[in-house]
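Worksheet: one structure, shown below.
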Amino acid sequence: MSELTPEKFFIRDAWYVVAWPHEVTSDKPLARTVLGDDLVLFRTPEGQAVALEDRCAHRLAPLSMGRIESGGIRCMYHGVKFSVTGQCAEIPAQPAGHPNMCVKHYPLVEKDGFIWVWMGNATLADPSQVMDAPWHSDPRWAPSRGYLHVKAHMGLVADNLLDFGHLPFVHPNTVGAVEQAAFATEVKPLADGVLTDRWYVDVPASRFHQSVGNFKGNVDAWHCFRWHLPAVMSLDSGSAPTGTGAREKAHGTREGAIEFHHIAALTPQDGDHTHYFWVHWRNFDVQDPTMTQTVYDNIMMAFSEDKAMVEAQHAAVRRGSHTAPKAIMADKALTMIRHQVAKRATGAS
Ligand code: FES
Ligand SMILES: [Fe+2]
């Protein structure tokens with residue numbers, strides 16, 4: 001279906017999460033495909049994380065089969081060495097400095113527990129635009145982290161995250177509750193994303209929140225997020241005993257509540273696959289590794305429910321249909337983001 005072509009729905013001039021810091025080492029290069037480009041990621045012995053095109057300039061062997069050396073990487077086919085900026089540093093038995101013997105270099109930023117890559121015009125890459133994740137270094141919050149490889153176009157994975165109307169139906173036994181279906185989402189457009197507010201008042205806690213919060217009665221629960229183009233969600237969520245004024249208080253300070261902050265970073269591999277990096281911070285039992293595992297297990301269980309639905313949807317869309325998709329009121333946020341992405345994406349007029 002043409003609406004899922006990479007050309008139409010991928011923004012190249014943007015920062016994307018490409019890896020966790022621990023994946024990029026000086027022992028072994030890492031091959032990863034982003035927006036259809038094959039990258040090799042590695043860390044120099046000096047500690048610098050680097051991304052280059054995963055094709056040697058000589059005869060296109062993958063540099064991810066190469067050897068990391070001080071200041072660069074050596075192709076292990078015929079031994080040409082490239083610097084951290086992709087310039088030719090050495091050709092065996094030949095003077096270096098061949099002007100065309102270079103590979104594409106991709107700017108990287110390592111910050112707050114993520115490594116971000118810039119996939120577009122390198123002269124436009126501004127590291128100050130990489131979003132902050134202050135929970136990473138705040139001892140009041142403890143993270144659980146995970147990664148999913150989703151066999152679906154990033155647009156469909158983003159739609160799923162932008163649509164909390166699916167929670168009571170896809171996740172009634174994990175992070176959703178059937179009673180949440182009665183509540184609508186408030187959506188505010190921004191220049192580069194949306195802000196949403198979704199509150200459920202006086203409802204039973206979701207099974208996940210009940211299991212870690214041990215609530216005696218109903219709760220007020222919330223999902224409130226800021227979406228950053230192209231595809232990063234920064235979400236506050238939690239449950240508090242109903243009637244304790246949770247909505248009026250700042251996130252992280254609510255009485256008797258369990259509160260979470262979540263970052264979901266989507267990175268297209270190509271038109272049919274998406275890298276999905278997530279961190280779910282909590283503000284309770286922060287020293288307890290068992291709780292870290294419990295949160296991880298619950299979130300992964302919920303995300304596998306999403307994965308199953310979105311992968312099936314992607315396959316159905318790819319097989320084609322005589323029917324075009326139609327919007328309902330709950331699609332407000334995802335419709336706004338689809339418009340914003342289409343406006344900025346490669347090739348958009
Ligand atoms: S292909 Fe890399 S050195 Fe020949
Ligand atoms: Fe979901």
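Following the order of the structure tokens, chains are lettered A, B, ..., residues in each are numbered from 1, and ligands are numbered from 1.
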Could you please extract the residues within 7 Å of ligand 2, counting only C-alpha atoms and all ligand atoms, and hand them back as a list of chain:residue names?
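Going residue by residue within 7 Å of ligand 2, we get A:Asn160, A:Leu161, A:His166, A:Leu167, A:Val170, A:His171, A:Ala302, A:Phe303, A:Glu305, A:Asp306.
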Write out as a tab-separated table the residues of range 119-222 of chain A that have any atom within 10 Å of an atom of range 266-277 of chain A, one row each with the nearest atom pair and its distance in Å to one decimal, counting only C-alpha atoms, sorted by chain and then rising number.
residue	atom	partner	partner_atom	distance
A:Arg145	CA	A:Phe277	CA	7.9
A:Gly146	CA	A:Phe277	CA	6.1
A:Tyr147	CA	A:Phe277	CA	4.6
A:Leu148	CA	A:Tyr276	CA	5.1
A:His149	CA	A:His275	CA	5.1
A:Val150	CA	A:Thr274	CA	5.1
A:Lys151	CA	A:His273	CA	4.5
A:Ala152	CA	A:Asp272	CA	4.8
A:His153	CA	A:Asp272	CA	4.7
A:Met154	CA	A:Thr274	CA	5.5
A:Gly155	CA	A:Pro268	CA	8.9
A:Leu156	CA	A:Thr274	CA	9.6
A:Val157	CA	A:Thr274	CA	7.8
A:Ala158	CA	A:Leu266	CA	7.4
At a cut-off of 9 Å, can you tabulate as a Markdown table every residue of chain A near ligand 1 together with its closest atom pair and the distance in Å to one decimal, using only C-alpha atoms and all ligand atoms and ordering rows by chain then number?
| residue | atom | partner | partner_atom_place_in_ligand_line | distance |
| --- | --- | --- | --- | --- |
| A:Arg55 | CA | ligand 1 | 2 (Fe) | 7.9 |
| A:Cys56 | CA | ligand 1 | 2 (Fe) | 4.7 |
| A:Ala57 | CA | ligand 1 | 2 (Fe) | 6.5 |
| A:His58 | CA | ligand 1 | 1 (S) | 4.6 |
| A:Arg59 | CA | ligand 1 | 1 (S) | 3.9 |
| A:Leu60 | CA | ligand 1 | 1 (S) | 5.2 |
| A:Ala61 | CA | ligand 1 | 1 (S) | 4.6 |
| A:Pro62 | CA | ligand 1 | 2 (Fe) | 7.6 |
| A:Leu63 | CA | ligand 1 | 2 (Fe) | 7.4 |
| A:Gly66 | CA | ligand 1 | 2 (Fe) | 8.5 |
| A:Arg74 | CA | ligand 1 | 3 (S) | 7.8 |
| A:Cys75 | CA | ligand 1 | 2 (Fe) | 4.6 |
| A:Met76 | CA | ligand 1 | 2 (Fe) | 6.4 |
| A:Tyr77 | CA | ligand 1 | 4 (Fe) | 4.9 |
| A:His78 | CA | ligand 1 | 3 (S) | 3.6 |
| A:Gly79 | CA | ligand 1 | 3 (S) | 4.7 |
| A:Val80 | CA | ligand 1 | 3 (S) | 4.4 |
| A:Lys81 | CA | ligand 1 | 3 (S) | 7.7 |
| A:Ile91 | CA | ligand 1 | 3 (S) | 7.9 |
| A:Pro92 | CA | ligand 1 | 3 (S) | 8.8 |
8 Å contact set for His228 in chain A, only C-alpha atoms, chain neighbours under 2 positions out, as an MDAnalysis selection string:
chainID A and resid 192:194 226 230:234
Among the residues of range 70-289 of chain A, find those DSSP assigns to strand (DSSP E) from the backbone and print them as a PyMOL selection string.
chain A and resi 72-74+81-83+88-90+105-106+108-111+114-118+142-150+186-190+193-203+219-228+232-241+258-270+273-282
Where does DSSP see helix (DSSP H, G or I) in range 86-195 of chain A, if you list the residues as JSON, numbers by chain?
{"A": [122, 123, 124, 127, 128, 129, 134, 135, 136, 137, 154, 155, 156, 157, 158, 159, 160, 161, 162, 164, 165, 166, 167, 168, 169, 170, 178, 179, 180, 181, 182]}
Would you output that residue set with N, CA and C atoms, as an mmCIF file, in the first residue's frame?
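Saved file part.cif follows:
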data_model
loop_
_atom_site.group_PDB
_atom_site.id
_atom_site.type_symbol
_atom_site.label_atom_id
_atom_site.label_comp_id
_atom_site.auth_asym_id
_atom_site.auth_seq_id
_atom_site.Cartn_x
_atom_site.Cartn_y
_atom_site.Cartn_z
ATOM 1 N N ALA A 122 24.444 15.728 7.254
ATOM 2 C CA ALA A 122 25.262 15.843 8.478
ATOM 3 C C ALA A 122 25.510 17.295 8.875
ATOM 4 N N THR A 123 25.462 18.218 7.918
ATOM 5 C CA THR A 123 25.721 19.617 8.273
ATOM 6 C C THR A 123 24.556 20.197 9.092
ATOM 7 N N LEU A 124 23.420 19.518 9.090
ATOM 8 C CA LEU A 124 22.265 20.010 9.852
ATOM 9 C C LEU A 124 22.168 19.370 11.240
ATOM 10 N N PRO A 127 23.587 18.524 17.961
ATOM 11 C CA PRO A 127 23.492 17.681 19.162
ATOM 12 C C PRO A 127 22.617 18.277 20.261
ATOM 13 N N SER A 128 22.464 19.595 20.274
ATOM 14 C CA SER A 128 21.648 20.200 21.338
ATOM 15 C C SER A 128 20.158 19.866 21.159
ATOM 16 N N GLN A 129 19.790 19.342 20.002
ATOM 17 C CA GLN A 129 18.385 18.986 19.761
ATOM 18 C C GLN A 129 18.034 17.588 20.283
ATOM 19 N N PRO A 134 16.140 13.140 31.905
ATOM 20 C CA PRO A 134 16.742 13.398 33.222
ATOM 21 C C PRO A 134 16.504 12.282 34.234
ATOM 22 N N TRP A 135 15.509 11.427 34.019
ATOM 23 C CA TRP A 135 15.235 10.301 34.938
ATOM 24 C C TRP A 135 16.441 9.368 34.994
ATOM 25 N N HIS A 136 17.226 9.365 33.887
ATOM 26 C CA HIS A 136 18.386 8.478 33.787
ATOM 27 C C HIS A 136 19.368 8.686 34.940
ATOM 28 N N SER A 137 19.555 9.947 35.346
ATOM 29 C CA SER A 137 20.552 10.210 36.390
ATOM 30 C C SER A 137 19.904 10.697 37.681
ATOM 31 N N MET A 154 7.229 1.539 10.686
ATOM 32 C CA MET A 154 7.250 2.374 11.873
ATOM 33 C C MET A 154 5.951 3.171 12.049
ATOM 34 N N GLY A 155 5.316 3.564 10.944
ATOM 35 C CA GLY A 155 4.077 4.340 11.041
ATOM 36 C C GLY A 155 3.003 3.597 11.826
ATOM 37 N N LEU A 156 2.929 2.288 11.658
ATOM 38 C CA LEU A 156 1.910 1.507 12.372
ATOM 39 C C LEU A 156 2.269 1.336 13.843
ATOM 40 N N VAL A 157 3.563 1.224 14.127
ATOM 41 C CA VAL A 157 3.988 1.098 15.530
ATOM 42 C C VAL A 157 3.735 2.436 16.243
ATOM 43 N N ALA A 158 4.017 3.537 15.539
ATOM 44 C CA ALA A 158 3.755 4.863 16.114
ATOM 45 C C ALA A 158 2.258 5.053 16.342
ATOM 46 N N ASP A 159 1.442 4.671 15.382
ATOM 47 C CA ASP A 159 -0.023 4.774 15.550
ATOM 48 C C ASP A 159 -0.458 4.088 16.839
ATOM 49 N N ASN A 160 0.089 2.904 17.072
ATOM 50 C CA ASN A 160 -0.292 2.113 18.237
ATOM 51 C C ASN A 160 0.029 2.859 19.535
ATOM 52 N N LEU A 161 1.196 3.516 19.571
ATOM 53 C CA LEU A 161 1.594 4.234 20.785
ATOM 54 C C LEU A 161 0.799 5.530 20.966
ATOM 55 N N LEU A 162 0.362 6.094 19.843
ATOM 56 C CA LEU A 162 -0.352 7.369 19.905
ATOM 57 C C LEU A 162 -1.830 7.186 20.226
ATOM 58 N N PHE A 164 -4.253 5.558 22.848
ATOM 59 C CA PHE A 164 -4.484 4.845 24.100
ATOM 60 C C PHE A 164 -5.882 4.252 24.171
ATOM 61 N N GLY A 165 -6.684 4.494 23.141
ATOM 62 C CA GLY A 165 -8.011 3.884 23.072
ATOM 63 C C GLY A 165 -7.937 2.368 22.935
ATOM 64 N N HIS A 166 -6.766 1.837 22.555
ATOM 65 C CA HIS A 166 -6.696 0.381 22.364
ATOM 66 C C HIS A 166 -6.433 -0.364 23.689
ATOM 67 N N LEU A 167 -6.068 0.374 24.736
ATOM 68 C CA LEU A 167 -5.659 -0.311 25.979
ATOM 69 C C LEU A 167 -6.711 -1.259 26.560
ATOM 70 N N PRO A 168 -7.984 -0.817 26.654
ATOM 71 C CA PRO A 168 -8.959 -1.740 27.252
ATOM 72 C C PRO A 168 -9.226 -2.978 26.395
ATOM 73 N N PHE A 169 -8.840 -2.925 25.124
ATOM 74 C CA PHE A 169 -9.166 -4.036 24.219
ATOM 75 C C PHE A 169 -7.962 -4.954 23.972
ATOM 76 N N VAL A 170 -6.781 -4.356 23.791
ATOM 77 C CA VAL A 170 -5.583 -5.183 23.556
ATOM 78 C C VAL A 170 -4.971 -5.638 24.891
ATOM 79 N N VAL A 178 -10.819 -2.696 31.434
ATOM 80 C CA VAL A 178 -11.980 -2.502 30.560
ATOM 81 C C VAL A 178 -12.689 -1.184 30.849
ATOM 82 N N GLU A 179 -12.675 -0.746 32.117
ATOM 83 C CA GLU A 179 -13.382 0.488 32.493
ATOM 84 C C GLU A 179 -12.762 1.734 31.852
ATOM 85 N N GLN A 180 -11.502 1.635 31.363
ATOM 86 C CA GLN A 180 -10.844 2.807 30.765
ATOM 87 C C GLN A 180 -11.501 3.218 29.445
ATOM 88 N N ALA A 181 -12.274 2.314 28.855
ATOM 89 C CA ALA A 181 -12.853 2.586 27.530
ATOM 90 C C ALA A 181 -13.781 3.795 27.547
ATOM 91 N N ALA A 182 -14.316 4.155 28.722
ATOM 92 C CA ALA A 182 -15.297 5.239 28.785
ATOM 93 C C ALA A 182 -14.653 6.629 28.776
#
Which residue, A:Ala184, A:Ile263, A:Ala246, A:Val17, has the smallest gap to Arg282 in chain A when you use only C-alpha atoms?
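Among the listed residues, A:Ile263 lies closest to Arg282 in chain A.
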How many Å separate CA of Asp112 in chain A from CA of Met336 in chain A?
28.3 Å
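Between CA of Asn214 in chain A and CA of Ala264 in chain A lies a distance of 26.4 Å.
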What does the structure give for the distance between CA of Asp138 in chain A and CA of Phe114 in chain A, in Å to one decimal?
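For CA of Asp138 in chain A relative to CA of Phe114 in chain A, the distance reads 15.4 Å.
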Excluding same-chain residues fewer than 5 positions from Val18 in chain A, what lies within 6 Å of it counting only C-alpha atoms, as a VMD selection string?
chain A and resid 115 to 117
Selected residues written out, C-alpha atoms, as a PDB file, in the first residue's frame:
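This is the output file result_12.pdb:
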ATOM      1  CA  ILE A 115      22.970   6.430  21.525  1.00  0.00           C
ATOM      2  CA  TRP A 116      21.314   8.632  18.886  1.00  0.00           C
ATOM      3  CA  VAL A 117      22.213   8.750  15.203  1.00  0.00           C
TER       4      VAL A 117
END
Residues near Gly47 in chain A, anyone? I mean within 12 Å using only C-alpha atoms, not counting same-chain ones fewer than 6 positions away, as a list in words.
Pro21, His22, Val24, Thr25, Ser26, Asp27, Ile68, Glu69, Ser70, Gly71, Gly72, Val84 and Glu110 of chain A
Write the selection just made, keeping C-alpha atoms, as a PDB file, in the first residue's frame?
ATOM      1  CA  PRO A  21      25.553   2.295  25.025  1.00  0.00           C
ATOM      2  CA  HIS A  22      26.523  -1.214  26.206  1.00  0.00           C
ATOM      3  CA  VAL A  24      28.605  -0.412  21.151  1.00  0.00           C
ATOM      4  CA  THR A  25      31.940  -1.804  22.290  1.00  0.00           C
ATOM      5  CA  SER A  26      35.583  -1.727  21.253  1.00  0.00           C
ATOM      6  CA  ASP A  27      35.662  -5.558  21.063  1.00  0.00           C
ATOM      7  CA  ILE A  68      38.492  -2.041  15.601  1.00  0.00           C
ATOM      8  CA  GLU A  69      41.803  -0.229  16.023  1.00  0.00           C
ATOM      9  CA  SER A  70      42.967   2.977  17.638  1.00  0.00           C
ATOM     10  CA  GLY A  71      41.232   5.855  15.853  1.00  0.00           C
ATOM     11  CA  GLY A  72      39.162   3.736  13.451  1.00  0.00           C
ATOM     12  CA  VAL A  84      36.250   7.682  12.855  1.00  0.00           C
ATOM     13  CA  GLU A 110      25.567   9.396  23.492  1.00  0.00           C
TER      14      GLU A 110
END
For Lys28 in chain A, list every protein, DNA or RNA residue within 9 Å, evaluated using only C-alpha atoms, and leave out those in the same chain fewer than 6 positions away; present the list as an NGL selection string.
:A and (42-43 or 64-68)
Would you save the residues of that selection, restricted to N, CA and C atoms, as a PDB file, in the first residue's frame?
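The new file again.pdb reads:
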ATOM      1  N   PHE A  42      30.722   1.080  16.329  1.00  0.00           N
ATOM      2  CA  PHE A  42      31.807   0.559  17.175  1.00  0.00           C
ATOM      3  C   PHE A  42      32.299   1.659  18.097  1.00  0.00           C
ATOM      4  N   ARG A  43      33.127   1.254  19.062  1.00  0.00           N
ATOM      5  CA  ARG A  43      33.713   2.210  19.999  1.00  0.00           C
ATOM      6  C   ARG A  43      35.221   2.098  19.860  1.00  0.00           C
ATOM      7  N   SER A  64      31.510  -4.302   9.341  1.00  0.00           N
ATOM      8  CA  SER A  64      31.143  -4.970  10.602  1.00  0.00           C
ATOM      9  C   SER A  64      31.883  -6.301  10.747  1.00  0.00           C
ATOM     10  N   MET A  65      32.550  -6.767   9.659  1.00  0.00           N
ATOM     11  CA  MET A  65      33.431  -7.938   9.778  1.00  0.00           C
ATOM     12  C   MET A  65      34.877  -7.494   9.986  1.00  0.00           C
ATOM     13  N   GLY A  66      35.040  -6.211  10.232  1.00  0.00           N
ATOM     14  CA  GLY A  66      36.386  -5.659  10.348  1.00  0.00           C
ATOM     15  C   GLY A  66      36.928  -5.685  11.768  1.00  0.00           C
ATOM     16  N   ARG A  67      38.084  -5.000  11.953  1.00  0.00           N
ATOM     17  CA  ARG A  67      38.776  -4.997  13.253  1.00  0.00           C
ATOM     18  C   ARG A  67      38.870  -3.566  13.764  1.00  0.00           C
ATOM     19  N   ILE A  68      38.429  -3.371  14.998  1.00  0.00           N
ATOM     20  CA  ILE A  68      38.492  -2.041  15.601  1.00  0.00           C
ATOM     21  C   ILE A  68      39.929  -1.772  16.022  1.00  0.00           C
TER      22      ILE A  68
END
Among the residues A:Ile258, A:Val34, A:Leu52, A:Ala342, the one that comes closest to Val295 in chain A [using only C-alpha atoms]
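For Val295 in chain A, the nearest of the candidates is A:Ile258.
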